[in-house]
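Written below as structure tokens is the structure these notes are about.
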Amino acid sequence: MYVLTKSEKVVRIPPSDLKEDIAKVTDELTWRSFEGQVESEDSLTVLIRNVEAVGPGRIVHGDGAVYQTVKYEQLVFRPKLQEVIEGTVCEILKFGAFVRFGPLDGLLHISQIMDDRIDIDAENQRLVGKDTNRTLDVGDKVRARIVALSLNERNPRESKIGLTMRQPGLGKIQWLEDERKKKEEEQK
């Protein structure tokens with residue numbers, strides 16, 4: 001999910017910033033320009049470090065800014081379809097729950113939470129299984145699988161990531177531990 005890669009891009013240094021320490025300005029502009037951005041490979045840049053200017057910058061006629069090529073290392077978050085993730089329930093709504101994993105949130109639709117009919121307790125921010133009485137609350141740790149993935153390049157926080165917990169080995173961590181203990185007791 002997290003990958004450390006190297007990249008090379010061009011950063012624009014405005015004329016007003018040319019009076020300051022150019023290395024410091026280049027670092028700050030690189031961070032501001034590329035951190036938190038989605039790249040073409042459906043990866044979100046989380047952190048940039050070790051920024052180095054490559055050669056002399058270019059000045060474009062009529063602009064006055066310096067266009068500087070920079071090399072840097074970047075830590076990227078790259079979710080994949082069918083990947084199993086662990087996250088925390090951060091919000092519960094009438095149609096499901098949002099799960100935060102890494103820097104993004106995924107939607108766990110109400111139909112993908114458990115093999116049980118679900119009551120919505122909006123007042124207490126929880127979902128309750130009608131037959132099993134299992135509950136899903138804000139703050140619960142869950143294990144889910146990514147079933148739909150569409151990262152929004154303009155606003156990564158608005159990306160659409162669909163999750164499911166309706167498979168063996170997936171669900172609220174507490175449910176999984178309870179099932180494991182129950183099987184161990186049955187085997188004794």
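Following the order of the structure tokens, chains are lettered A, B, ..., residues in each are numbered from 1, and ligands are numbered from 1.
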
ask   = Residues at most 9 Å from Asp131 in chain A, counting only C-alpha atoms, excluding those fewer than 2 positions away in the same chain, as a PyMOL selection string?
value = chain A and resi 116-118+128-129+133-134

message = Taking 6 positions as the minimum chain separation for residues in the same chain, which residues sit within 10 Å of range 86-100 of chain A when counting only C-alpha atoms? Answer as a ChimeraX atom specification.
response = /A:106-113,118-122,124-127,136-145,161-163,170-173

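Every residue of range 137-170 of chain A with a DSSP assignment of strand (DSSP E or B), taken from the backbone, is listed as Asp137, Lys141, Val142, Arg143, Ala144, Arg145, Ile146, Val147, Ala148, Leu149, Ser150, Lys160, Ile161, Gly162, Leu163 and Thr164 of chain A.
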
What are the closest atom pairs, with distances in Å to one decimal, for all residues of range 58-162 of chain A lying within 9 Å of range 12-25 of chain A? Consider only C-alpha atoms, order rows by chain and residue number, and present the result as CSV.
```
residue,atom,partner,partner_atom,distance
A:Asp63,CA,A:Pro15,CA,8.7
A:Gly64,CA,A:Pro15,CA,5.9
A:Ala65,CA,A:Pro14,CA,4.6
A:Val66,CA,A:Ile13,CA,5.1
A:Tyr67,CA,A:Arg12,CA,4.6
A:Gln68,CA,A:Arg12,CA,6.4
A:Thr69,CA,A:Arg12,CA,8.9
```

Dump N, CA and C atoms for the selected residues as a compact mmCIF listing (two decimals), in the first residue's frame?
```
# COMPACT_ATOMS: atom_id res chain seq x y z
N ASP A 63 7.07 35.48 -18.75
CA ASP A 63 6.60 34.99 -17.45
C ASP A 63 7.48 35.52 -16.33
N GLY A 64 8.77 35.42 -16.47
CA GLY A 64 9.71 35.89 -15.45
C GLY A 64 9.99 34.86 -14.37
N ALA A 65 9.21 33.80 -14.30
CA ALA A 65 9.44 32.76 -13.31
C ALA A 65 10.51 31.79 -13.81
N VAL A 66 11.13 31.09 -12.86
CA VAL A 66 12.13 30.08 -13.18
C VAL A 66 11.43 28.72 -13.09
N TYR A 67 11.56 27.92 -14.13
CA TYR A 67 11.02 26.57 -14.14
C TYR A 67 12.18 25.63 -13.90
N GLN A 68 12.19 25.04 -12.69
CA GLN A 68 13.31 24.23 -12.23
C GLN A 68 12.91 22.76 -12.19
N THR A 69 13.70 21.91 -12.84
CA THR A 69 13.50 20.47 -12.75
C THR A 69 14.05 20.02 -11.40
```

query = Any idea what the distance is between CA of Ser159 in chain A and CA of Leu75 in chain A?
reply =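 Those two atoms sit 18.8 Å apart.
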
request  = Tell me, as a count of residues only, which residues lie within 10 Å of range 41-53 of chain A, counting only C-alpha atoms; anything in the same chain fewer than 6 positions away does not count.
outcome  = 44

inquiry  = Please return, as a VMD selection string, all residues of range 4-186 of chain A that DSSP assigns to helix (DSSP H, G or I) on the basis of the backbone.
reply    = chain A and resid 15 to 17 22 to 34 110 to 112 156 to 158 173 to 186

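Distance-wise, CA of Thr164 in chain A and CA of Asp115 in chain A end up 11.2 Å apart.
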
request  = Record the distance separating CA of Thr135 in chain A and CA of Leu176 in chain A, expressed in Å with one decimal.
outcome  =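 Computed distance, CA of Thr135 in chain A to CA of Leu176 in chain A, equals 13.0 Å.
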